[in-house]
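Colleague: The structure is given below, and queries will be raised subsequently.
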Amino acid sequence: MKRRDFLVKSSAAGVSLVALSACNGAGSGGEEVVTATSDGNAGGSGLAGTSGLAKPAMPEWGGPSPFQHSVASGDPLARQVILWTRITAEGLDEVPVIVRVSRDPEFSDVVYEGVGYARSQADYTVKIDAMLPEANTTWFYQFESLGYFSAIGRTKTTAHGDQSVEHLRLAVMACANYSYGYFNAYRKVAFRRDLDAVLFLGDYIYEYGPGEYGDPEVEALRPLDPPHGIVTLSDYRRRYALNRTDQDLQECHRQHPFICVWDDHEFADNTWSDGAANHNEGEGDFSDRKRAAVQAYYEWMPIRPVLPDRQVRIYRSFEFGQLASLMMLDTRLIGRDQQTDSPVTARDRNRSLLGDDQQNWLFEQLEHSQTRGAQWHLLGQQVMLAPLTLGALPDTANLDLGGGAQVNYDQWDGYETSRRALLGRIEAMGLDNAVVLTGDIHSSWAMDVSLDPGNWFAYNRFTGEGSIAVEFVTPAVSSPGAPTKGISDLAKAFLIPANPHIKWLDFYHRGYMILDVTPERCQADWFHLETVSEPSNQEHFAMGWYTASGDNHIQASKVPCAPKHNAPPLAPEHNVQQEALA
Amino acid sequence: MSNDRRAFLRQLLIGGASVSALAACGGQGGSEGGEDLPDDPPKVNPEPDEPPVESGGVKGTESMSFIAIGDMGTGNIGQYHVAEAMRQIIEAQGCDFVLGAGDNIYEDGVTSVDDNGFLDSFEYPYQNLDVPFYMCLGNHDCASTIFGGGSDNQRGDYQVDYHYSDKRYSTKWRMPARFYKESFGKLAQEKPFLDLFVVDSNPLTSFYIDFDERFNWKNYGYPQQLWMKEAVNESEAHWKIAMSHVPYLSNGKHGNAGNLDEGMRVIFSNPDADGQRYKLFLEEAFSHKIDMLVTGHDHSLQWIKPVESMGPAHIIVSGAGGKSDKFQDPERNPTHYQAENELGFVWVHLTEERMLLEFYLVNEDTGEFRLGYSREETKPVQEVAAPTPA
Ligand SMILES: [Fe+2]
Ligand SMILES: [Fe+2]
């Protein structure tokens, strides 16, 4: 499509079809997607796609650049992506912000222009759901406001569901505690030119106050803001703002679209739908806290609301051509019954981790993904699906034997009925190539997923026979695992024999996972950092585990997957437009 | 394959999509829609394809009545007494067809299409009733022991074959496939007055594992689930009623799907015996779409009030057609009415707007019967306007 045609079309769409956004589930990715703006409540509203955009009247501003928190993008679809920024301009409200999207970092081929407004009610954050003319394409974008240009961002639309895709690479990250370490992982991921997106599986912020959960030496250099545990809307906003002043995180957002879900620490430790372990009555009503946390999340994260009036729903899906479907789940908040510490309650048939609505949605998505012939079915979620026991035993459903002594009832182990429902569905569907991606636990794991891993007749630990899916767990960006490598090795030496489906684990290192997907296999490569106690550029490839298409169990790889050839350039550091103004 | 039979099969299907859904179940040797039956089928009886009621071409169906029975196939005197009570109600109040909710032939089904069980447990007891019986498979129909463990699903195929047999005693027996849809009556624009959806629940919930791979969840349960979902979604009928053997909810000893046979399960081998996957099957296929769900398996009569997870559907357990039993927990699910330790059946009368249910109790020894309960309700599922965008 010619640029002019596209701009005209999107202009018409931008104004008249805003109302349609309500009908527009994330992940549809089809031609019919015409939503041009994000919802006003979601953190800034925008009118978008106006051709020959009449520049909105800018208020007077004599201060420094208002783009203190840089830019971000997220929730890419085939023709849409969320573009994010924030305006820091003391005393101003309702500040117009223009965004331009171009094929090249020089902005010689602009395909989209839109306007949003930074408003106090959304903490001056601006989100614009840009409509873009091509799927599976890298784009560069830049905001302009108050006489300044933002840094140049880079993002990528996904392939249409029916497009063939040969190679997909995703970074998978979780658990970024500001005061526990430097965000070296974000920096390393930022420089990977060949990523299609970054999946963030939760714990993007932590709710603690100073001295509660941090490395004292790091915390001295990276003080928390606000300097106390966060409870109110303003607290949560300030904590996101603090994280977003981090240069490594800014760079990662600037270079890649993020697909995010929350876990507990975006609220409070071990959250469930109606409370949290780290919430007490002195901190007020949990529902108020939850509302504040959800609002701040939508303001600060480049996420598209699935239902504009029901932002507590973040489970949603994406399509990466014929190669993969991605279902992002909320195992934390929307349907979770309270945690238990009893193996009996864990098997209560009325307890749920996902809630009925989300579970139904997930089963429909799996069916859709299978029917449309997607090669891989990726589930991005928070807590470990495969059991973790002190000694796996058979778990005959009718005897309720329990499968051995489970150790963490905050994960799927505490919600046996939900786990059986999901695995039972995968089994019944004969669904091959389900890959579960997990965060939460500050460590690296590669596992087979079987209905009954402790039962020799159901699962063969040597051949992987009886496994119906695989699970890869990403380590933390900075939150701690085992305090020393020795303890980590000890735990590993004990847990792997006790849990036949667990093939590899590392409790010690921080880092991230690169998920490399081709029609033939899906491999997770773990990259571990030398340190998070100081800024560092050092990482090493720890291990790779892959599942060959149709195998549904994992095998080791001593070498990481090769990067994509001819990856597009990173967004330049130089802000040419801004320099021209100076 | 004869043209008559083809035409009959076509009638069972609901357009192209269902045909493809059936094709997806192919190669499992089951007889859904009969596609897998031998090339040399028994000659089709001329009568059975006629819809049971044709209420005049122009006017359309104004009302229909049916009787729901279950767990009836004992061949004992009790079954005869229930049959006689049914005959009198049919004569007095009318009845277009009977729903047989499974356990059609105790204790372990039939082993051929000529099996005497068809005569002893069906044809003789009901020989004075001249209405078609739409039948559903129960665990005892798919069992090889008197315990009804349900591990011999292949036996159910003979009950399908009997539908097509030209040697059968009468033409009453209707089971065109192990799971199926049947339309009744006509309204404006050729829309059926009523669609009946019949589930084969035994392979989904049997006590013991059937090692015949054709009947596992992957080859049978899930394809059946997809077929049923699509059949219900595409149905244009005014009334939609589903029938299955194993309960969705029940106050009897078998209990609620998801936790079936609690306490008994320790001696079962099938991990699906608790009915967790079966529960989701029923909810995904029927929730908020059907007006009534009829099951058997527990040998009592229950009218369970609608529950959130199934939407407005009324839930009927009618499993006292030949055996009676006591409740395990009468409070487990709130009811309009429930009766234990007595035989009986449910008579249902539907108009476009309303449904009337009458519960009849029959004395097993004397055959005396009485109306136990009667209640009228408006049609549960209201006509929805246009489908809302996803
Ligand atoms: Fe029975
Ligand atoms: Fe039964």
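If you're wondering about the labels, chains in the structure tokens are A, B, ... by order shown, residues count from 1 in each chain, ligands from 1 in order shown.
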Applying 9 Å and only C-alpha atoms, which residues near Phe147 in chain B remain after dropping the ones on its own chain fewer than 5 positions away? List them as a PyMOL selection string.
Modeller: chain B and resi 107-108+140
Colleague: Those residues you just picked out, can you put them in a file as a compact mmCIF listing (two decimals), in the first residue's frame with N, CA, C and O atoms?
Modeller:
```
# COMPACT_ATOMS: atom_id res chain seq x y z
N GLU B 107 -27.19 -56.58 32.83
CA GLU B 107 -26.25 -55.79 33.60
C GLU B 107 -25.03 -55.45 32.76
O GLU B 107 -24.24 -54.60 33.13
N ASP B 108 -24.93 -56.18 31.62
CA ASP B 108 -23.73 -55.96 30.83
C ASP B 108 -24.03 -55.88 29.34
O ASP B 108 -23.30 -56.42 28.51
N HIS B 140 -23.66 -49.66 31.89
CA HIS B 140 -23.96 -51.09 31.84
C HIS B 140 -24.11 -51.58 30.40
O HIS B 140 -23.99 -52.76 30.13
```
Colleague: Could you give me, as CSV, a per-residue list for chain B showing, wherever an atom lies at most 7 Å from an atom of ligand 1, the closest pair of atoms and their distance in Å to one decimal, using only C-alpha atoms and all ligand atoms and sorting by chain then residue number from low to high?
Modeller:
```
residue,atom,partner,partner_atom_place_in_ligand_line,distance
B:Asp71,CA,ligand 1,1 (Fe),4.4
B:Asp103,CA,ligand 1,1 (Fe),5.3
B:His140,CA,ligand 1,1 (Fe),6.9
B:His297,CA,ligand 1,1 (Fe),4.5
B:Asp298,CA,ligand 1,1 (Fe),6.3
B:His299,CA,ligand 1,1 (Fe),6.3
B:Gly319,CA,ligand 1,1 (Fe),6.8
```
Colleague: Would you save the residues of that selection, restricted to all heavy atoms, as a short mmCIF file (atom, residue, chain, number, x, y, z; two decimals), in the first residue's frame?
Modeller:
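For reference, again_11.cif as written:
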```cif
data_model
loop_
_atom_site.label_atom_id
_atom_site.label_comp_id
_atom_site.auth_asym_id
_atom_site.auth_seq_id
_atom_site.Cartn_x
_atom_site.Cartn_y
_atom_site.Cartn_z
N ASP B 71 -32.10 -45.98 33.19
CA ASP B 71 -31.73 -47.13 34.02
C ASP B 71 -32.89 -48.12 34.12
O ASP B 71 -33.24 -48.60 35.20
CB ASP B 71 -31.28 -46.66 35.41
CG ASP B 71 -30.13 -45.68 35.29
OD1 ASP B 71 -30.42 -44.49 35.02
OD2 ASP B 71 -28.98 -46.10 35.42
N ASP B 103 -28.24 -47.29 30.42
CA ASP B 103 -28.42 -48.55 31.12
C ASP B 103 -29.70 -49.19 30.57
O ASP B 103 -30.64 -49.52 31.30
CB ASP B 103 -28.45 -48.39 32.65
CG ASP B 103 -27.06 -48.11 33.21
OD1 ASP B 103 -26.09 -48.16 32.42
OD2 ASP B 103 -26.93 -47.83 34.41
N HIS B 140 -23.66 -49.66 31.89
CA HIS B 140 -23.96 -51.09 31.84
C HIS B 140 -24.11 -51.58 30.40
O HIS B 140 -23.99 -52.76 30.13
CB HIS B 140 -25.23 -51.40 32.64
CG HIS B 140 -24.98 -51.45 34.12
ND1 HIS B 140 -24.50 -52.56 34.76
CD2 HIS B 140 -25.09 -50.48 35.07
CE1 HIS B 140 -24.35 -52.31 36.05
NE2 HIS B 140 -24.70 -51.05 36.26
N HIS B 297 -28.35 -42.77 35.56
CA HIS B 297 -27.21 -43.33 36.32
C HIS B 297 -27.50 -43.42 37.82
O HIS B 297 -27.22 -44.44 38.42
CB HIS B 297 -25.96 -42.50 36.04
CG HIS B 297 -24.66 -43.23 36.33
ND1 HIS B 297 -24.47 -44.57 36.10
CD2 HIS B 297 -23.46 -42.76 36.80
CE1 HIS B 297 -23.21 -44.90 36.43
NE2 HIS B 297 -22.58 -43.83 36.86
N ASP B 298 -28.00 -42.36 38.44
CA ASP B 298 -28.48 -42.50 39.81
C ASP B 298 -29.95 -42.88 39.74
O ASP B 298 -30.73 -42.25 39.02
CB ASP B 298 -28.28 -41.20 40.59
CG ASP B 298 -26.94 -41.22 41.32
OD1 ASP B 298 -26.55 -42.31 41.80
OD2 ASP B 298 -26.29 -40.16 41.42
N HIS B 299 -30.33 -43.91 40.50
CA HIS B 299 -31.64 -44.53 40.34
C HIS B 299 -32.71 -43.83 41.17
O HIS B 299 -33.24 -44.36 42.14
CB HIS B 299 -31.55 -46.02 40.71
CG HIS B 299 -30.55 -46.74 39.86
ND1 HIS B 299 -29.97 -47.92 40.22
CD2 HIS B 299 -30.01 -46.42 38.65
CE1 HIS B 299 -29.12 -48.32 39.28
NE2 HIS B 299 -29.13 -47.41 38.32
N GLY B 319 -33.54 -41.74 36.54
CA GLY B 319 -32.84 -43.02 36.48
C GLY B 319 -33.58 -44.11 37.25
O GLY B 319 -32.98 -45.02 37.79
#
```
Colleague: If you take only C-alpha atoms and a cut-off of 12 Å, which residues of chain A touch chain B, and what are their nearest atom pairs and distances in Å to one decimal, in chain and number order, as a tab-separated table?
Modeller:
```
residue	atom	partner	partner_atom	distance
A:Leu20	CA	B:Pro389	CA	10.0
A:Ser21	CA	B:Pro389	CA	11.4
A:Ala22	CA	B:Ala390	CA	9.4
A:Cys23	CA	B:Ala390	CA	6.2
A:Asn24	CA	B:Ala390	CA	7.8
A:Gly25	CA	B:Ala390	CA	7.6
A:Ala26	CA	B:Ala390	CA	11.2
A:Ser28	CA	B:Ala390	CA	10.5
A:Val306	CA	B:Ala390	CA	11.3
A:Leu307	CA	B:Ala390	CA	10.9
A:Arg347	CA	B:Asn259	CA	11.5
A:Asp348	CA	B:Asn259	CA	10.0
A:Arg349	CA	B:Gly258	CA	7.2
A:Asn350	CA	B:Gly258	CA	9.1
A:Arg351	CA	B:Gly258	CA	11.9
A:Asp356	CA	B:Ser309	CA	9.0
A:Asp357	CA	B:Ser309	CA	10.6
A:Gln359	CA	B:Leu280	CA	10.1
A:Asn360	CA	B:Glu284	CA	7.9
A:Trp361	CA	B:Glu284	CA	10.7
A:Phe363	CA	B:Glu284	CA	9.7
A:Glu364	CA	B:Glu284	CA	9.6
A:Glu367	CA	B:Leu226	CA	9.4
A:His368	CA	B:Leu226	CA	11.8
A:Thr371	CA	B:Leu226	CA	11.4
A:Asp395	CA	B:Pro271	CA	9.9
A:Thr396	CA	B:Pro271	CA	6.9
A:Ala397	CA	B:Pro271	CA	5.1
A:Asn398	CA	B:Arg265	CA	5.2
A:Leu399	CA	B:Val266	CA	5.1
A:Asp400	CA	B:Val266	CA	8.5
A:Leu401	CA	B:Val266	CA	10.3
A:Glu416	CA	B:Gln276	CA	11.8
A:Thr417	CA	B:Gln276	CA	8.4
A:Ser418	CA	B:Gln276	CA	10.1
A:Arg419	CA	B:Gln276	CA	11.5
A:Arg420	CA	B:Gln276	CA	8.6
A:Ala421	CA	B:Arg277	CA	6.9
A:Leu422	CA	B:Arg277	CA	9.8
A:Leu423	CA	B:Arg277	CA	10.6
A:Gly424	CA	B:Arg277	CA	7.3
A:Arg425	CA	B:Arg277	CA	7.9
A:Ile426	CA	B:Lys218	CA	9.3
A:Glu427	CA	B:Lys218	CA	6.8
A:Ala428	CA	B:Lys218	CA	4.2
A:Met429	CA	B:Lys218	CA	5.8
A:Gly430	CA	B:Lys218	CA	5.9
A:Leu431	CA	B:Lys218	CA	9.4
A:Leu451	CA	B:Pro271	CA	10.6
A:Asp452	CA	B:Pro271	CA	11.0
A:Ala458	CA	B:Pro271	CA	11.9
```
Colleague: Find the residues around Ser557 in chain A up to 12 Å (only C-alpha atoms counted), leave out those fewer than 5 positions away in its own chain, and share them as a list in words.
Modeller: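 Final neighbour list, sorted by chain and number: Ala446, Trp504, Arg521, Cys522, Gln523, Ala524, Asp525, Trp526, Phe541, Ala542, Met543, Gly544, Trp545, Tyr546, Thr547 and Ala548 of chain A.
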Colleague: Generate a file of the selected residues that holds all heavy atoms, formatted as a CSV table (one decimal), in the first residue's frame.
Modeller:
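Printed below is part.csv as written:
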```csv
chain,number,residue,atom,x,y,z
A,446,ALA,N,14.8,-26.7,33.1
A,446,ALA,CA,14.3,-27.3,31.8
A,446,ALA,C,13.6,-28.6,32.2
A,446,ALA,O,14.2,-29.4,32.9
A,446,ALA,CB,15.4,-27.5,30.9
A,504,TRP,N,17.3,-30.2,34.1
A,504,TRP,CA,18.4,-29.3,34.4
A,504,TRP,C,17.9,-28.2,35.2
A,504,TRP,O,16.7,-27.8,35.1
A,504,TRP,CB,18.9,-28.7,33.1
A,504,TRP,CG,20.0,-27.7,33.2
A,504,TRP,CD1,21.3,-28.0,33.6
A,504,TRP,CD2,19.9,-26.3,33.0
A,504,TRP,NE1,22.0,-26.8,33.6
A,504,TRP,CE2,21.2,-25.8,33.2
A,504,TRP,CE3,18.9,-25.5,32.6
A,504,TRP,CZ2,21.5,-24.4,33.1
A,504,TRP,CZ3,19.2,-24.1,32.4
A,504,TRP,CH2,20.5,-23.6,32.7
A,521,ARG,N,12.2,-27.2,15.5
A,521,ARG,CA,12.4,-27.4,16.9
A,521,ARG,C,12.2,-26.1,17.6
A,521,ARG,O,12.3,-25.0,17.0
A,521,ARG,CB,13.8,-28.0,17.2
A,521,ARG,CG,14.9,-27.2,16.5
A,521,ARG,CD,15.8,-26.5,17.5
A,521,ARG,NE,16.8,-25.6,16.9
A,521,ARG,CZ,16.5,-24.3,16.7
A,521,ARG,NH1,15.4,-23.8,17.0
A,521,ARG,NH2,17.4,-23.5,16.1
A,522,CYS,N,12.1,-26.2,18.9
A,522,CYS,CA,11.9,-25.0,19.8
A,522,CYS,C,13.0,-25.1,20.9
A,522,CYS,O,12.9,-26.1,21.7
A,522,CYS,CB,10.5,-24.9,20.3
A,522,CYS,SG,10.3,-23.6,21.5
A,523,GLN,N,13.9,-24.2,20.9
A,523,GLN,CA,15.0,-24.3,21.9
A,523,GLN,C,15.1,-23.1,22.8
A,523,GLN,O,14.9,-22.0,22.3
A,523,GLN,CB,16.4,-24.4,21.1
A,523,GLN,CG,17.6,-24.5,22.0
A,523,GLN,CD,18.8,-25.0,21.4
A,523,GLN,OE1,18.7,-25.8,20.5
A,523,GLN,NE2,20.0,-24.5,21.8
A,524,ALA,N,15.3,-23.4,24.1
A,524,ALA,CA,15.6,-22.3,25.0
A,524,ALA,C,17.1,-22.3,25.3
A,524,ALA,O,17.7,-23.3,25.6
A,524,ALA,CB,14.8,-22.5,26.3
A,525,ASP,N,17.7,-21.1,25.1
A,525,ASP,CA,19.1,-20.9,25.5
A,525,ASP,C,19.2,-20.0,26.7
A,525,ASP,O,18.6,-18.9,26.7
A,525,ASP,CB,19.9,-20.2,24.3
A,525,ASP,CG,20.0,-21.2,23.1
A,525,ASP,OD1,20.2,-22.4,23.3
A,525,ASP,OD2,20.1,-20.6,22.0
A,526,TRP,N,19.8,-20.5,27.7
A,526,TRP,CA,20.0,-19.7,29.0
A,526,TRP,C,21.3,-18.9,28.9
A,526,TRP,O,22.3,-19.5,28.7
A,526,TRP,CB,20.0,-20.6,30.2
A,526,TRP,CG,18.6,-21.0,30.6
A,526,TRP,CD1,17.8,-20.5,31.6
A,526,TRP,CD2,17.8,-22.1,30.1
A,526,TRP,NE1,16.6,-21.1,31.7
A,526,TRP,CE2,16.6,-22.1,30.8
A,526,TRP,CE3,18.0,-23.1,29.1
A,526,TRP,CZ2,15.5,-23.0,30.5
A,526,TRP,CZ3,17.0,-24.0,28.8
A,526,TRP,CH2,15.8,-24.0,29.6
A,541,PHE,N,26.8,-18.3,27.9
A,541,PHE,CA,25.8,-19.3,27.5
A,541,PHE,C,25.9,-20.4,28.5
A,541,PHE,O,26.9,-21.1,28.6
A,541,PHE,CB,26.1,-19.8,26.1
A,541,PHE,CG,25.3,-21.0,25.7
A,541,PHE,CD1,23.9,-20.9,25.5
A,541,PHE,CD2,25.9,-22.2,25.5
A,541,PHE,CE1,23.2,-22.1,25.2
A,541,PHE,CE2,25.2,-23.3,25.2
A,541,PHE,CZ,23.8,-23.3,25.0
A,542,ALA,N,24.8,-20.7,29.2
A,542,ALA,CA,24.9,-21.7,30.3
A,542,ALA,C,24.5,-23.1,29.7
A,542,ALA,O,25.2,-24.1,30.0
A,542,ALA,CB,23.9,-21.4,31.4
A,543,MET,N,23.4,-23.1,29.0
A,543,MET,CA,22.9,-24.4,28.5
A,543,MET,C,21.8,-24.1,27.5
A,543,MET,O,21.1,-23.1,27.6
A,543,MET,CB,22.3,-25.1,29.7
A,543,MET,CG,22.0,-26.6,29.5
A,543,MET,SD,23.6,-27.5,29.2
A,543,MET,CE,22.9,-29.1,28.6
A,544,GLY,N,21.6,-25.1,26.6
A,544,GLY,CA,20.4,-25.0,25.7
A,544,GLY,C,19.6,-26.3,25.9
A,544,GLY,O,20.2,-27.4,26.1
A,545,TRP,N,18.3,-26.2,25.8
A,545,TRP,CA,17.4,-27.4,25.8
A,545,TRP,C,16.4,-27.2,24.7
A,545,TRP,O,15.8,-26.1,24.6
A,545,TRP,CB,16.7,-27.6,27.2
A,545,TRP,CG,17.7,-28.0,28.2
A,545,TRP,CD1,18.4,-27.3,29.0
A,545,TRP,CD2,18.0,-29.4,28.6
A,545,TRP,NE1,19.2,-28.0,29.9
A,545,TRP,CE2,18.9,-29.4,29.6
A,545,TRP,CE3,17.6,-30.6,28.1
A,545,TRP,CZ2,19.5,-30.5,30.2
A,545,TRP,CZ3,18.1,-31.8,28.7
A,545,TRP,CH2,19.0,-31.7,29.7
A,546,TYR,N,16.1,-28.2,24.0
A,546,TYR,CA,15.2,-28.1,22.9
A,546,TYR,C,14.2,-29.2,22.8
A,546,TYR,O,14.5,-30.3,23.4
A,546,TYR,CB,15.9,-27.9,21.5
A,546,TYR,CG,16.6,-29.2,21.0
A,546,TYR,CD1,15.9,-30.1,20.2
A,546,TYR,CD2,17.9,-29.5,21.5
A,546,TYR,CE1,16.5,-31.2,19.7
A,546,TYR,CE2,18.5,-30.7,21.0
A,546,TYR,CZ,17.8,-31.5,20.2
A,546,TYR,OH,18.4,-32.7,19.7
A,547,THR,N,13.1,-29.0,22.2
A,547,THR,CA,12.2,-30.1,21.9
A,547,THR,C,12.0,-30.1,20.4
A,547,THR,O,11.8,-29.1,19.8
A,547,THR,CB,10.9,-30.0,22.6
A,547,THR,OG1,10.0,-31.0,22.1
A,547,THR,CG2,10.2,-28.6,22.4
A,548,ALA,N,12.3,-31.3,19.8
A,548,ALA,CA,12.0,-31.4,18.3
A,548,ALA,C,10.6,-31.5,18.1
A,548,ALA,O,9.8,-32.0,18.9
A,548,ALA,CB,12.8,-32.6,17.8
```
Colleague: Could you tell me which of B:Ile105, B:Ala242, B:Ile67, B:Met310 comes closest to ligand 2 if we count only C-alpha atoms and all ligand atoms?
Modeller: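 Smallest distance to ligand 2 is found for B:Ile105.
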Colleague: Considering only C-alpha atoms, return as a list in words whatever protein or nucleic-acid residues lie within 8 Å of Thr331 in chain A, sequence-local ones (same chain, fewer than 3 positions apart) excluded.
Modeller: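 Residues meeting the cut-off are Asp263, Ile334, Gly335, Arg336, Leu353, Leu354, Gln381, Gln382 and Val383 of chain A.
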Colleague: Give the answer as one residue: which of B:Lys167, B:Lys181, B:His245, B:Arg370 has the shortest atom-to-atom distance to Leu204 in chain B, using only C-alpha atoms?
Modeller: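 Among B:Lys167, B:Lys181, B:His245, B:Arg370, it is B:His245 that comes nearest to Leu204 in chain B.
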Colleague: Give me, please, the distance in Å between CA of Val317 in chain B and CA of Tyr373 in chain B, quoted to one decimal.
Modeller: 14.1 Å
Colleague: Find the spatial neighbours of Ala434 in chain A, counting only C-alpha atoms, within a cut-off of 9 Å - ignore same-chain residues fewer than 5 positions away - and output them as an MDAnalysis selection string.
Modeller: chainID A and resid 376:379 426 468:471 552
Colleague: Write down as a list in words the residues of range 226-353 of chain A whose backbone DSSP state falls under strand (DSSP E or B).
Modeller: Pro257, Phe258, Ile259, Cys260, Thr271, Trp272, Gly275, Ala276, Arg316, Ser317, Phe318, Glu319, Phe320, Ala324, Ser325, Leu326, Met327 and Met328 of chain A
Colleague: Within 10 Å of range 281-284 of chain A, counting only C-alpha atoms, which residues show up once you throw out same-chain ones fewer than 5 positions away? Write them as a list of chain:residue names, please.
Modeller: A:Gly229, A:Ile230, A:Val231, A:Thr232, A:Arg289
Colleague: Go through range 174-357 of chain A and collect every residue that DSSP, computed from the backbone, puts in helix (DSSP H, G or I); the answer should be as a PyMOL selection string.
Modeller: chain A and resi 184-190+216-221+233-243+247-255+264-266+281-283+286-300+345-347+356-357
Colleague: Mind checking which residues fall within 12 Å of Ile304 in chain B, counting only C-alpha atoms, ignoring those fewer than 2 positions away in the same chain, and posting them as a PyMOL selection string?
Modeller: chain B and resi 247-252+256+292-295+301-302+306-307+310+312-318+330-339
Colleague: Which one of B:His254, B:Arg155, B:Arg87, B:Lys191 sits closest to Gly60 in chain B if you count only C-alpha atoms?
Modeller: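 With only C-alpha atoms as the atom set, the closest residue is B:Lys191.
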